[in-house]
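*Asks:* For reference, the file upload_36.txt (compact mmCIF, C-alpha atoms and all ligand atoms) is included below:
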# COMPACT_ATOMS: atom_id res chain seq x y z
CA MET A 1496 73.75 101.78 136.50
CA ASN A 1497 75.43 98.67 137.74
CA ILE A 1498 78.81 99.95 138.98
CA ALA A 1499 81.97 98.25 140.30
CA ILE A 1500 84.46 100.09 142.48
CA VAL A 1501 87.71 98.19 142.80
CA GLY A 1502 89.60 99.28 145.92
CA ALA A 1503 87.59 100.41 148.93
CA GLY A 1504 90.27 102.62 150.45
CA LEU A 1505 90.03 106.38 150.57
CA VAL A 1506 89.31 107.11 146.89
CA GLY A 1507 86.94 104.17 146.39
CA ARG A 1508 84.86 105.25 149.39
CA VAL A 1509 84.65 108.85 148.20
CA VAL A 1510 83.58 107.62 144.75
CA ALA A 1511 80.88 105.43 146.34
CA LEU A 1512 79.53 108.28 148.47
CA ASN A 1513 79.29 110.54 145.43
CA LEU A 1514 77.55 107.90 143.36
CA LEU A 1515 75.05 107.16 146.12
CA ASN A 1516 74.04 110.81 145.92
CA SER A 1517 73.93 111.09 142.17
CA GLY A 1518 71.50 108.46 141.00
CA ASN A 1519 69.85 105.16 141.47
CA HIS A 1520 72.97 103.01 141.07
CA LYS A 1521 73.75 99.51 142.24
CA ILE A 1522 77.34 99.54 143.54
CA THR A 1523 79.69 96.63 144.21
CA LEU A 1524 82.77 97.43 146.32
CA PHE A 1525 85.67 95.03 145.74
CA ASP A 1526 88.62 94.93 148.12
CA LYS A 1527 91.35 92.36 148.55
CA ASP A 1528 91.29 93.03 152.29
CA THR A 1529 88.66 93.33 154.98
CA LYS A 1530 85.87 95.86 154.49
CA GLU A 1531 87.09 97.55 157.70
CA GLY A 1532 89.73 99.14 155.44
CA ILE A 1533 92.46 99.04 158.08
CA HIS A 1534 95.16 98.03 155.60
CA SER A 1535 94.49 100.90 153.20
CA ALA A 1536 96.70 103.99 153.11
CA GLY A 1537 93.48 105.85 153.82
CA PHE A 1538 93.43 104.30 157.31
CA THR A 1539 97.13 104.98 158.02
CA ALA A 1540 96.89 108.64 157.00
CA ALA A 1541 96.91 111.47 159.49
CA GLY A 1542 94.14 113.14 157.47
CA MET A 1543 95.64 116.62 157.43
CA LEU A 1544 94.01 119.11 155.09
CA ALA A 1545 96.98 121.37 154.58
CA PRO A 1546 96.78 123.10 151.19
CA PHE A 1547 99.25 125.81 152.28
CA ALA A 1548 101.83 123.75 154.16
CA GLU A 1549 101.94 121.09 151.44
CA LEU A 1550 103.05 123.75 148.96
CA GLU A 1551 106.56 123.46 150.32
CA THR A 1552 107.02 120.52 147.97
CA ALA A 1553 103.81 120.51 145.91
CA GLU A 1554 102.57 122.45 142.91
CA SER A 1555 99.91 125.14 143.16
CA ILE A 1556 97.29 122.88 141.52
CA ILE A 1557 97.33 120.87 144.77
CA PHE A 1558 96.40 124.07 146.57
CA GLU A 1559 93.37 124.64 144.32
CA TYR A 1560 92.08 121.05 144.63
CA GLY A 1561 92.76 121.19 148.34
CA LYS A 1562 90.60 124.26 148.86
CA ARG A 1563 87.73 122.61 146.98
CA SER A 1564 88.08 119.39 148.98
CA ILE A 1565 87.87 121.29 152.24
CA GLU A 1566 84.45 122.58 151.10
CA LEU A 1567 83.33 119.07 150.17
CA TRP A 1568 84.50 117.08 153.22
CA GLN A 1569 81.96 118.32 155.77
CA PRO A 1570 78.81 117.16 153.93
CA LEU A 1571 80.48 113.82 153.13
CA LEU A 1572 81.33 113.21 156.78
CA LYS A 1573 77.89 114.28 158.01
CA GLU A 1574 76.30 111.86 155.61
CA ILE A 1575 78.11 108.89 157.14
CA GLY A 1576 77.42 110.10 160.69
CA VAL A 1577 80.83 111.52 161.61
CA TYR A 1578 80.02 114.74 163.43
CA ASP A 1579 83.30 115.22 165.27
CA GLY A 1580 85.71 114.06 162.60
CA PHE A 1581 86.36 117.34 160.84
CA SER A 1582 88.17 120.28 162.34
CA TYR A 1583 89.18 123.53 160.74
CA LYS A 1584 91.16 125.38 163.38
CA GLY A 1585 94.33 126.01 161.40
CA THR A 1586 97.87 124.65 161.64
CA ILE A 1587 100.83 125.75 163.77
CA ILE A 1588 104.26 125.66 162.14
CA THR A 1589 107.13 125.99 164.57
CA ALA A 1590 110.84 125.29 165.09
CA HIS A 1591 113.42 125.41 167.84
CA PRO A 1592 115.41 128.69 168.11
CA GLN A 1593 118.46 127.17 166.37
CA ASP A 1594 116.27 126.14 163.42
CA VAL A 1595 114.44 129.42 162.84
CA SER A 1596 116.07 129.74 159.40
CA GLU A 1597 114.24 126.49 158.43
CA LEU A 1598 111.01 128.11 159.50
CA GLU A 1599 111.63 131.27 157.52
CA HIS A 1600 112.66 129.31 154.45
CA PHE A 1601 109.53 127.18 154.69
CA ILE A 1602 107.16 130.14 154.92
CA GLY A 1603 109.13 132.00 152.23
CA THR A 1604 108.61 129.07 149.86
CA LEU A 1605 104.85 129.08 150.43
CA LYS A 1606 104.66 132.83 149.88
CA SER A 1607 106.61 132.57 146.65
CA LYS A 1608 104.10 130.06 145.28
CA ILE A 1609 100.72 131.64 145.98
CA ASP A 1610 99.50 135.10 146.93
CA GLU A 1611 97.12 133.78 149.57
CA ALA A 1612 100.08 132.59 151.63
CA LYS A 1613 100.62 136.25 152.55
CA GLU A 1614 97.77 135.72 155.03
CA ILE A 1615 99.96 133.39 157.11
CA GLU A 1616 100.49 135.02 160.49
CA MET A 1617 103.70 135.11 162.52
CA LEU A 1618 103.20 134.46 166.24
CA ASP A 1619 105.48 135.27 169.15
CA ALA A 1620 105.39 133.16 172.32
CA THR A 1621 102.59 135.25 173.90
CA GLN A 1622 100.39 135.09 170.83
CA LEU A 1623 100.98 131.37 170.47
CA ALA A 1624 100.12 130.85 174.16
CA GLN A 1625 96.68 132.36 173.52
CA ILE A 1626 95.72 129.63 171.08
CA GLU A 1627 98.00 126.74 172.07
CA PRO A 1628 99.16 127.24 175.69
CA GLU A 1629 101.14 123.98 175.69
CA LEU A 1630 103.40 125.28 172.91
CA ALA A 1631 104.21 128.64 174.51
CA GLN A 1632 107.91 127.87 174.85
CA HIS A 1633 108.33 128.45 171.10
CA ASN A 1634 109.41 132.04 170.52
CA LYS A 1635 108.60 132.14 166.85
CA SER A 1636 105.89 130.25 165.01
CA PHE A 1637 103.49 130.70 162.12
CA PHE A 1638 99.75 130.19 162.09
CA ILE A 1639 97.98 129.05 158.93
CA ARG A 1640 94.30 129.67 159.61
CA LYS A 1641 92.69 127.97 156.62
CA GLU A 1642 93.77 124.41 157.26
CA GLY A 1643 92.20 121.50 159.08
CA GLN A 1644 91.97 117.76 159.34
CA VAL A 1645 89.69 114.81 158.81
CA ASP A 1646 89.75 112.03 161.38
CA SER A 1647 90.79 109.46 158.81
CA GLN A 1648 90.27 106.42 161.03
CA ARG A 1649 86.74 107.58 161.84
CA PHE A 1650 86.06 108.23 158.16
CA ILE A 1651 87.07 104.69 157.27
CA ALA A 1652 85.19 103.09 160.19
CA PHE A 1653 81.98 105.08 159.80
CA SER A 1654 81.86 104.70 156.02
CA THR A 1655 82.07 100.91 156.46
CA ASN A 1656 79.04 101.01 158.76
CA TYR A 1657 77.21 103.38 156.42
CA PHE A 1658 77.79 101.20 153.36
CA ASP A 1659 76.60 98.20 155.35
CA MET A 1660 73.30 99.97 155.87
CA ARG A 1661 72.78 101.02 152.25
CA GLU A 1662 71.01 98.39 150.20
CA GLU A 1663 72.48 99.79 146.95
CA ILE A 1664 75.94 98.63 148.14
CA THR A 1665 77.27 95.09 147.93
CA TRP A 1666 80.56 94.38 149.70
CA ARG A 1667 83.03 91.94 148.15
CA GLU A 1668 85.78 91.92 150.75
CA PHE A 1669 88.78 89.57 150.57
CA THR A 1670 88.30 89.59 146.78
CA GLU A 1671 91.41 90.33 144.79
CA VAL A 1672 90.82 91.79 141.36
CA THR A 1673 93.53 90.71 138.94
CA THR A 1674 92.87 93.06 135.99
CA ILE A 1675 90.31 95.63 135.00
CA GLU A 1676 88.97 96.65 131.60
CA ALA A 1677 86.08 98.81 130.45
CA LYS A 1678 82.89 97.41 132.00
CA LYS A 1679 84.72 94.27 133.19
CA VAL A 1680 86.38 93.09 136.39
CA HIS A 1681 88.61 90.02 136.26
CA LEU A 1682 89.00 87.88 139.36
CA LYS A 1683 91.35 84.92 139.72
CA GLU A 1684 88.90 82.42 138.30
CA SER A 1685 86.08 84.44 136.78
CA SER A 1686 85.07 87.76 135.24
CA GLU A 1687 82.13 90.00 135.98
CA GLU A 1688 80.44 92.63 133.82
CA PHE A 1689 79.24 96.05 134.88
CA ASP A 1690 78.03 99.25 133.20
CA TRP A 1691 80.99 101.18 134.62
CA VAL A 1692 84.13 100.22 136.57
CA PHE A 1693 86.21 102.48 138.82
CA ASP A 1694 89.81 101.47 139.40
CA CYS A 1695 90.72 102.89 142.84
CA ARG A 1696 93.35 100.38 143.88
CA GLY A 1697 95.95 102.86 145.16
CA PHE A 1698 99.30 101.07 145.31
CA GLY A 1699 97.53 97.95 143.90
CA GLY A 1700 97.10 99.92 140.65
CA LYS A 1701 100.71 99.09 139.77
CA GLU A 1702 99.28 96.14 137.85
CA TYR A 1703 98.12 98.72 135.23
CA PHE A 1704 100.20 101.88 135.85
CA SER A 1705 103.82 100.87 135.27
CA ASP A 1706 105.01 104.31 136.46
CA LEU A 1707 103.22 104.12 139.83
CA ARG A 1708 105.47 103.82 142.87
CA GLY A 1709 104.93 103.41 146.61
CA VAL A 1710 106.44 105.87 149.08
CA ARG A 1711 106.75 104.34 152.52
CA GLY A 1712 105.31 106.31 155.42
CA GLU A 1713 105.39 105.45 159.13
CA VAL A 1714 103.34 106.99 161.92
CA ILE A 1715 103.16 106.52 165.69
CA TRP A 1716 100.03 107.00 167.79
CA VAL A 1717 100.56 108.25 171.30
CA GLU A 1718 98.16 109.06 174.13
CA SER A 1719 98.73 111.64 176.82
CA LYS A 1720 96.74 112.71 179.85
CA GLU A 1721 98.86 115.83 180.32
CA ILE A 1722 99.15 117.44 176.89
CA ASP A 1723 96.27 119.24 175.26
CA ILE A 1724 97.11 120.49 171.77
CA GLN A 1725 94.14 121.46 169.61
CA ARG A 1726 95.67 121.95 166.17
CA PRO A 1727 97.87 119.98 163.84
CA THR A 1728 101.39 121.20 164.61
CA ARG A 1729 104.47 120.86 162.45
CA LEU A 1730 107.95 121.06 163.87
CA LEU A 1731 110.58 121.93 161.30
CA HIS A 1732 114.02 120.53 161.76
CA PRO A 1733 116.97 120.29 159.35
CA ARG A 1734 116.94 116.49 159.43
CA TYR A 1735 113.47 115.36 160.36
CA LYS A 1736 110.24 117.27 160.19
CA ILE A 1737 107.40 115.95 162.25
CA TYR A 1738 103.74 116.67 162.61
CA ILE A 1739 101.53 116.12 165.61
CA VAL A 1740 97.88 115.64 164.75
CA PRO A 1741 95.40 115.68 167.67
CA ARG A 1742 92.70 113.02 167.53
CA GLY A 1743 90.62 113.78 170.62
CA ASN A 1744 89.58 110.71 172.51
CA GLY A 1745 90.84 108.15 170.05
CA CYS A 1746 88.51 105.30 169.25
CA GLU A 1747 85.52 106.53 171.24
CA GLY A 1748 82.39 106.03 169.18
CA ILE A 1749 84.00 103.39 167.01
CA ASP A 1750 82.69 99.87 167.26
CA LEU A 1751 84.68 97.88 169.84
CA GLU A 1752 85.29 94.87 167.61
CA TYR A 1753 86.94 97.16 165.12
CA CYS A 1754 89.18 98.63 167.80
CA LYS A 1755 90.20 95.14 168.86
CA GLU A 1756 90.98 94.29 165.29
CA CYS A 1757 93.29 97.25 164.81
CA LYS A 1758 94.78 96.51 168.26
CA ILE A 1759 94.41 100.05 169.50
CA SER A 1760 94.08 100.35 173.25
CA GLN A 1761 92.21 103.22 174.84
CA THR A 1762 93.52 105.06 177.86
CA PRO A 1763 90.66 106.73 179.76
CA ASN A 1764 90.73 110.56 179.96
CA SER A 1765 93.61 110.90 177.58
CA LYS A 1766 94.07 112.57 174.20
CA ARG A 1767 95.45 110.77 171.23
CA TYR A 1768 97.97 112.21 168.76
CA ILE A 1769 99.24 110.86 165.47
CA ILE A 1770 102.93 111.57 165.06
CA GLY A 1771 104.27 111.40 161.55
CA ALA A 1772 105.51 110.77 159.17
CA SER A 1773 108.55 109.30 157.56
CA GLU A 1774 108.82 109.56 153.80
CA ILE A 1775 111.04 106.87 152.33
CA GLU A 1776 111.44 105.93 148.67
CA SER A 1777 110.73 102.28 149.23
CA GLU A 1778 107.78 99.95 148.59
CA ASP A 1779 108.19 98.35 151.96
CA PHE A 1780 105.13 97.71 154.14
CA SER A 1781 107.06 96.13 157.03
CA PRO A 1782 106.65 97.54 160.57
CA ILE A 1783 108.19 100.85 161.59
CA SER A 1784 112.00 100.89 161.85
CA VAL A 1785 113.98 101.67 164.99
CA ARG A 1786 115.48 104.70 163.26
CA SER A 1787 112.10 106.20 162.33
CA SER A 1788 110.74 105.49 165.82
CA LEU A 1789 113.71 107.23 167.42
CA GLU A 1790 113.53 110.22 165.11
CA LEU A 1791 109.80 110.74 165.41
CA LEU A 1792 109.67 110.23 169.16
CA SER A 1793 112.77 112.27 170.01
CA ALA A 1794 111.48 115.17 167.92
CA LEU A 1795 108.13 114.81 169.69
CA TYR A 1796 109.80 114.94 173.10
CA THR A 1797 111.48 118.23 172.17
CA VAL A 1798 108.10 119.79 171.39
CA HIS A 1799 107.00 119.29 174.99
CA PRO A 1800 108.80 117.29 177.70
CA GLN A 1801 105.45 115.93 178.96
CA PHE A 1802 105.30 113.86 175.79
CA GLY A 1803 107.96 111.78 177.57
CA GLU A 1804 105.14 110.35 179.68
CA ALA A 1805 102.81 109.72 176.75
CA ARG A 1806 101.96 106.12 175.91
CA VAL A 1807 102.69 104.63 172.51
CA VAL A 1808 99.47 102.82 171.57
CA ASN A 1809 99.97 101.95 167.94
CA THR A 1810 102.27 102.25 164.94
CA GLU A 1811 101.26 102.07 161.31
CA THR A 1812 103.17 101.71 158.06
CA ASN A 1813 101.85 102.05 154.54
CA CYS A 1814 102.88 103.16 151.05
CA ARG A 1815 101.55 106.30 149.41
CA PRO A 1816 100.66 105.67 145.76
CA ALA A 1817 102.57 108.21 143.64
CA PHE A 1818 103.57 108.97 140.06
CA LYS A 1819 106.89 110.60 139.09
CA ASP A 1820 105.44 114.13 139.22
CA ASN A 1821 103.70 113.34 142.53
CA LEU A 1822 100.44 114.58 141.01
CA PRO A 1823 97.10 112.72 140.96
CA ARG A 1824 95.98 111.12 137.73
CA ILE A 1825 92.45 110.62 136.40
CA GLU A 1826 92.05 108.39 133.37
CA ASN A 1827 88.77 108.38 131.47
CA LYS A 1828 90.01 106.92 128.19
CA GLU A 1829 87.10 104.61 127.47
CA GLU A 1830 83.39 104.54 128.13
CA GLY A 1831 82.77 102.29 131.14
CA LEU A 1832 86.11 102.74 132.89
CA THR A 1833 87.57 105.44 135.17
CA ARG A 1834 90.92 105.11 136.92
CA ILE A 1835 91.96 107.43 139.77
CA ASN A 1836 95.38 107.10 141.35
CA GLY A 1837 98.58 108.82 142.48
CA LEU A 1838 97.15 110.81 145.38
CA TYR A 1839 100.53 110.44 147.09
CA ARG A 1840 100.70 112.27 150.43
CA HIS A 1841 97.60 114.31 149.61
CA GLY A 1842 94.79 111.76 149.58
CA TYR A 1843 92.55 113.50 152.11
CA LEU A 1844 93.48 116.90 150.78
CA LEU A 1845 92.54 115.93 147.24
CA ALA A 1846 90.09 113.04 147.12
CA PRO A 1847 86.71 114.86 147.15
CA ALA A 1848 87.80 117.39 144.49
CA ILE A 1849 89.57 114.82 142.31
CA VAL A 1850 86.61 112.44 142.49
CA GLU A 1851 84.24 115.29 141.62
CA LYS A 1852 86.33 116.02 138.51
CA ALA A 1853 86.69 112.34 137.55
CA LEU A 1854 82.94 111.76 137.76
CA LYS A 1855 82.13 114.86 135.71
CA GLU A 1856 84.60 113.93 132.98
CA GLY A 1857 83.70 110.23 132.91
CA ILE A 1858 80.37 108.82 133.97
CA ASN A 1859 78.91 112.34 134.04
CA ALA A 1860 77.54 112.01 137.57
C1 LIG B 1 101.87 107.59 156.70
C2 LIG B 1 100.89 108.29 155.80
C3 LIG B 1 100.35 109.51 156.20
C4 LIG B 1 99.47 110.19 155.36
N1 LIG B 1 98.95 111.37 155.79
C5 LIG B 1 98.12 112.07 154.97
C6 LIG B 1 97.59 113.31 155.40
O1 LIG B 1 97.82 113.77 156.52
N2 LIG B 1 96.79 114.00 154.54
C7 LIG B 1 96.47 113.53 153.29
O2 LIG B 1 95.78 114.21 152.55
N3 LIG B 1 96.97 112.33 152.88
C8 LIG B 1 97.78 111.59 153.68
N4 LIG B 1 98.28 110.39 153.26
C9 LIG B 1 98.01 109.94 151.89
C10 LIG B 1 96.73 109.13 151.72
O3 LIG B 1 96.63 108.14 152.70
C11 LIG B 1 96.73 108.48 150.33
O4 LIG B 1 96.96 109.45 149.34
C12 LIG B 1 95.39 107.82 150.04
O5 LIG B 1 95.05 106.90 151.03
C13 LIG B 1 95.38 107.13 148.68
O6 LIG B 1 94.08 106.64 148.50
P1 LIG B 1 93.76 105.40 147.57
O7 LIG B 1 92.31 105.12 147.70
O8 LIG B 1 94.33 105.63 146.22
O9 LIG B 1 94.59 104.20 148.22
P2 LIG B 1 94.24 103.36 149.52
O10 LIG B 1 93.63 104.24 150.55
O11 LIG B 1 95.45 102.61 149.89
O12 LIG B 1 93.12 102.33 149.01
C14 LIG B 1 93.39 101.35 148.03
C15 LIG B 1 92.49 100.13 148.30
O13 LIG B 1 92.58 99.26 147.18
C16 LIG B 1 92.62 97.92 147.64
N5 LIG B 1 93.25 97.10 146.58
C17 LIG B 1 94.51 97.23 146.10
N6 LIG B 1 94.73 96.32 145.13
C18 LIG B 1 93.57 95.61 144.99
C19 LIG B 1 93.17 94.54 144.15
N7 LIG B 1 93.99 94.03 143.23
N8 LIG B 1 91.93 94.05 144.29
C20 LIG B 1 91.06 94.56 145.21
N9 LIG B 1 91.40 95.58 146.03
C21 LIG B 1 92.63 96.11 145.92
C22 LIG B 1 93.45 98.02 148.91
O14 LIG B 1 93.22 96.89 149.75
C23 LIG B 1 92.95 99.32 149.51
O15 LIG B 1 91.85 99.10 150.38
C24 LIG B 1 99.13 109.65 154.09
C25 LIG B 1 99.63 108.41 153.71
C26 LIG B 1 100.49 107.72 154.56
C27 LIG B 1 101.02 106.37 154.14
Kindly present the structure from the file in C-alpha cells form.
*Replies:*
Amino acid sequence: MNIAIVGAGLVGRVVALNLLNSGNHKITLFDKDTKEGIHSAGFTAAGMLAPFAELETAESIIFEYGKRSIELWQPLLKEIGVYDGFSYKGTIITAHPQDVSELEHFIGTLKSKIDEAKEIEMLDATQLAQIEPELAQHNKSFFIRKEGQVDSQRFIAFSTNYFDMREEITWREFTEVTTIEAKKVHLKESSEEFDWVFDCRGFGGKEYFSDLRGVRGEVIWVESKEIDIQRPTRLLHPRYKIYIVPRGNGCEGIDLEYCKECKISQTPNSKRYIIGASEIESEDFSPISVRSSLELLSALYTVHPQFGEARVVNTETNCRPAFKDNLPRIENKEEGLTRINGLYRHGYLLAPAIVEKALKEGINA
C-alpha cells in the first residue's frame, strides 16, 4: 500500500515501524518540522514506563495498555539499533519525613485501583541503600519493580537514522499538512492521494479534534559527576511532585550534528538526569518559567545535596495532547483513514499498544 503518516513524532514513528514489519508498503512521513523530531512532545518526554505510578491519576485501562507496551518496546528499539535505551529496573517512590502521609496516600490509591499494586514493596533506609545507595537518607520509600523507561531522545534520534536507511520511507520534513481526509492529504497549495492516511499530529490534531487540548510540561536536564542513581525516582511533595529520570551518558552515540542542533552540551564522565515535570493547563510552548525552574530544582536539591553541584545543560517545554477524559483516542471511521491522538502524559507508556490496536482495527496490519 501507498501510506501517508502525518506527524512524525512518537506515535507516527511507532506506526511507521509497525508498518515496515507488516507488509511491503511505501510510506511517506510528513512533518511540519525537521525530521530530527526535536520539537515533538516525543522528544521532550522523559520516557517513563510507569503503569503503576500513573494510576494515581489515570484509569486502569492505562495500566493494561502500559503492560502491553512494555512487552512491545524492546523489539522496536532493537530494530532501530538502540541497545541501551530501554531499562526495566523499577521505580523508587519516596518523600521527606514530613510528607510521609503523601507517600502513603499515593500508594493507597494505587492499591485501591488494581490488585497487582499489592506487589509494591515498602523499603526502609537500609533496604533502599542496597539498591540506590545515593538515596539512603530516605527512611521510608516504595519500590515498584515492574516499571522502566525508554530513552526517548535516543528513540527519536535513532528512528530518524533508521528511516533514512529504509528505502520504503520517504521523508517530507518542513511540510505542514493543512487537513486530512480518507486517502487524501491536503498541503497549503496541493493535495496528494494515498491508499491509507494516518493522522498522528499530536497537538497539531486540534485542526480536526475540537476537544483536544495541550497540557504544558517543562523539564530540566542536569548532569552530575557525583550522583549515581539507577532508577527513575519520584519525590512526593504536597505542592510539587518531581521525578528524576537517569539517562546514563547523555548524548553519547547520537550523531554530533544532532546534538549541536538541540544545543545539548556533554560533560565528560558525568551522568545525565531529566528532572520533571510541570503540568500546567495551558497551550503555551514558551521556555520554562522561573517558578517551574525554582520548584523543580529546589525539590531536586532536597533529594540529594550533591545535586547542588550538578550542571543544568538543557530545558525543554512542550504540550501534551489530551482529551477531556485524558484517555487516548483511536478513530477508524472510514476506510483509508486512521487517527490516533490524546496520549497525554502517557505517550511512551501507551504508544506501542495503542498503535497495535489501531492497526488491527483499521488497516488490518
Ligand atoms: C514534559 C513532558 C514529559 C513527558 N513525559 C512522559 C513520560 O515520562 N512517559 C510517557 O509515557 N509520556 C510522557 N510524555 C507524553 C508524550 O510525550 C506524549 O504523549 C507523546 O509525545 C504524544 O505523541 P504524539 O505522536 O501524539 O505527539 P508528538 O510526539 O508531539 O508528535 C506530533 C508530530 O506531529 C507533527 N505535526 C503537528 N501538526 C502537523 C501538521 N499540521 N503537519 C505536519 N506535521 C504536524 C509535529 O511536528 C510532531 O512532530 C511527556 C510529555 C511532556 C510534554
*Asks:* Calculate how many Å separate atom CA of Leu1571 of chain A from atom CA of Gln1648 of chain A, rounding to one decimal.
*Replies:*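 Those two atoms sit 14.6 Å apart.
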*Asks:* Go through A:Leu1845, A:Glu1721, A:Arg1667, A:Ala1499 and flag the residue nearest Pro1800 of chain A, using all atoms listed in the file for the distances.
*Replies:*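 Under the stated criterion, the closest residue is A:Glu1721.
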*Asks:* Would you tabulate, counting all atoms listed in the file, all residues of chain A that have an atom at most 7 Å from an atom of ligand LIG 1 (chain B), showing the closest pair of atoms and their distance in Å to one decimal, sorted by chain then ascending number, as a Markdown table?
*Replies:*
| residue | atom | partner | partner_atom | distance |
| --- | --- | --- | --- | --- |
| A:Val1501 | CA | B:LIG1 | C20 | 5.5 |
| A:Gly1502 | CA | B:LIG1 | O13 | 3.2 |
| A:Ala1503 | CA | B:LIG1 | O15 | 4.7 |
| A:Gly1504 | CA | B:LIG1 | O12 | 3.2 |
| A:Leu1505 | CA | B:LIG1 | O7 | 3.9 |
| A:Val1506 | CA | B:LIG1 | O7 | 3.7 |
| A:Gly1507 | CA | B:LIG1 | O7 | 5.6 |
| A:Phe1525 | CA | B:LIG1 | C20 | 5.4 |
| A:Asp1526 | CA | B:LIG1 | N9 | 3.5 |
| A:Lys1527 | CA | B:LIG1 | C20 | 4.0 |
| A:Asp1528 | CA | B:LIG1 | O14 | 5.0 |
| A:Gly1532 | CA | B:LIG1 | O15 | 5.5 |
| A:His1534 | CA | B:LIG1 | O14 | 6.3 |
| A:Ser1535 | CA | B:LIG1 | O11 | 3.8 |
| A:Ala1536 | CA | B:LIG1 | O11 | 3.7 |
| A:Gly1537 | CA | B:LIG1 | O5 | 3.4 |
| A:Phe1538 | CA | B:LIG1 | O10 | 6.8 |
| A:Thr1539 | CA | B:LIG1 | C2 | 5.5 |
| A:Ala1540 | CA | B:LIG1 | C4 | 3.4 |
| A:Ala1541 | CA | B:LIG1 | O1 | 3.9 |
| A:Gly1542 | CA | B:LIG1 | O1 | 3.9 |
| A:Met1543 | CA | B:LIG1 | O1 | 3.7 |
| A:Leu1544 | CA | B:LIG1 | O2 | 5.8 |
| A:Thr1670 | CA | B:LIG1 | C20 | 5.9 |
| A:Glu1671 | CA | B:LIG1 | N8 | 3.8 |
| A:Val1672 | CA | B:LIG1 | N8 | 3.9 |
| A:Thr1673 | CA | B:LIG1 | N7 | 5.4 |
| A:Cys1695 | CA | B:LIG1 | O7 | 5.6 |
| A:Arg1696 | CA | B:LIG1 | O13 | 3.6 |
| A:Gly1697 | CA | B:LIG1 | O8 | 3.4 |
| A:Phe1698 | CA | B:LIG1 | O11 | 6.2 |
| A:Gly1699 | CA | B:LIG1 | N6 | 3.5 |
| A:Gly1700 | CA | B:LIG1 | N6 | 6.2 |
| A:Arg1711 | CA | B:LIG1 | C27 | 6.3 |
| A:Gly1712 | CA | B:LIG1 | C1 | 3.9 |
| A:Glu1713 | CA | B:LIG1 | C1 | 4.8 |
| A:Val1714 | CA | B:LIG1 | C1 | 5.5 |
| A:Gly1771 | CA | B:LIG1 | C1 | 6.6 |
| A:Ala1772 | CA | B:LIG1 | C1 | 5.4 |
| A:Ser1773 | CA | B:LIG1 | C1 | 6.9 |
| A:Thr1812 | CA | B:LIG1 | C1 | 6.2 |
| A:Asn1813 | CA | B:LIG1 | C27 | 4.4 |
| A:Cys1814 | CA | B:LIG1 | C27 | 4.8 |
| A:Arg1815 | CA | B:LIG1 | C27 | 4.8 |
| A:Pro1816 | CA | B:LIG1 | C13 | 6.2 |
| A:Asn1836 | CA | B:LIG1 | O8 | 5.2 |
| A:Gly1837 | CA | B:LIG1 | O8 | 6.5 |
| A:Leu1838 | CA | B:LIG1 | O4 | 4.2 |
| A:Tyr1839 | CA | B:LIG1 | O4 | 4.3 |
| A:Arg1840 | CA | B:LIG1 | C9 | 3.8 |
| A:His1841 | CA | B:LIG1 | O2 | 3.5 |
| A:Gly1842 | CA | B:LIG1 | O4 | 3.2 |
| A:Tyr1843 | CA | B:LIG1 | O2 | 3.3 |
| A:Leu1844 | CA | B:LIG1 | O2 | 4.0 |
| A:Leu1845 | CA | B:LIG1 | O2 | 6.5 |
*Asks:* Tell me, as a PyMOL selection string, which residues lie within 9 Å of Ala1652 of chain A, counting all atoms listed in the file; anything in the same chain fewer than 2 positions away does not count.
*Replies:* chain A and resi 1531-1533+1538+1647-1650+1654-1657+1749-1750+1753
*Asks:* How many Å lie between atom CA of Phe1780 of chain A and atom CA of His1681 of chain A, rounded to one decimal?
*Replies:*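 Answer for the atom CA of Phe1780 of chain A to atom CA of His1681 of chain A separation: 25.5 Å.
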*Asks:* Please provide the set of residues having any atom within 10 Å of Thr1586 of chain A, restricted to all atoms listed in the file, with same-chain residues fewer than 5 positions apart removed, written as a PyMOL selection string.
*Replies:* chain A and resi 1543-1545+1547-1548+1637-1644+1725-1729+1738+1740
*Asks:* So the first atom is atom CA of Ala1817 of chain A and the second is atom CA of Glu1549 of chain A; what is the distance between them in Å, to one decimal place?
*Replies:* 15.1 Å
*Asks:* Show me as a list in words the residues that reach within 9 Å of (115.2, 119.4, 156.9), counting all atoms listed in the file and using the file's own coordinates.
*Replies:* Glu1597, Leu1731, His1732, Pro1733, Arg1734, Tyr1735 and Lys1736 of chain A
*Asks:* A:Val1510, A:Ile1769, A:Ala1846, A:Val1807: which is nearest Glu1566 of chain A, counting only C-alpha atoms?
*Replies:*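 When distances to Glu1566 of chain A are compared using only C-alpha atoms, the smallest one comes from A:Ala1846.
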*Asks:* Just the residues within 10 Å of Ala1612 of chain A, please, counting only C-alpha atoms, with nothing from its chain fewer than 2 positions along; format it as number ranges by chain.
*Replies:* A: 1547-1548, 1550, 1602-1610, 1614-1616, 1639
*Asks:* Between A:Asp1723, A:Glu1811, A:Glu1676, A:Glu1554, which has the minimum distance to Glu1627 of chain A (counting all atoms listed in the file)?
*Replies:*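 Going through A:Asp1723, A:Glu1811, A:Glu1676, A:Glu1554 one by one, the smallest distance to Glu1627 of chain A is for A:Asp1723.
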*Asks:* Counting all atoms listed in the file, what is within 12 Å of Phe1658 of chain A, bar same-chain residues fewer than 4 positions away, as a ChimeraX atom specification?
*Replies:* /A:1503,1507-1509,1511-1512,1515,1521-1524,1530-1531,1574-1576,1650-1654,1662-1667
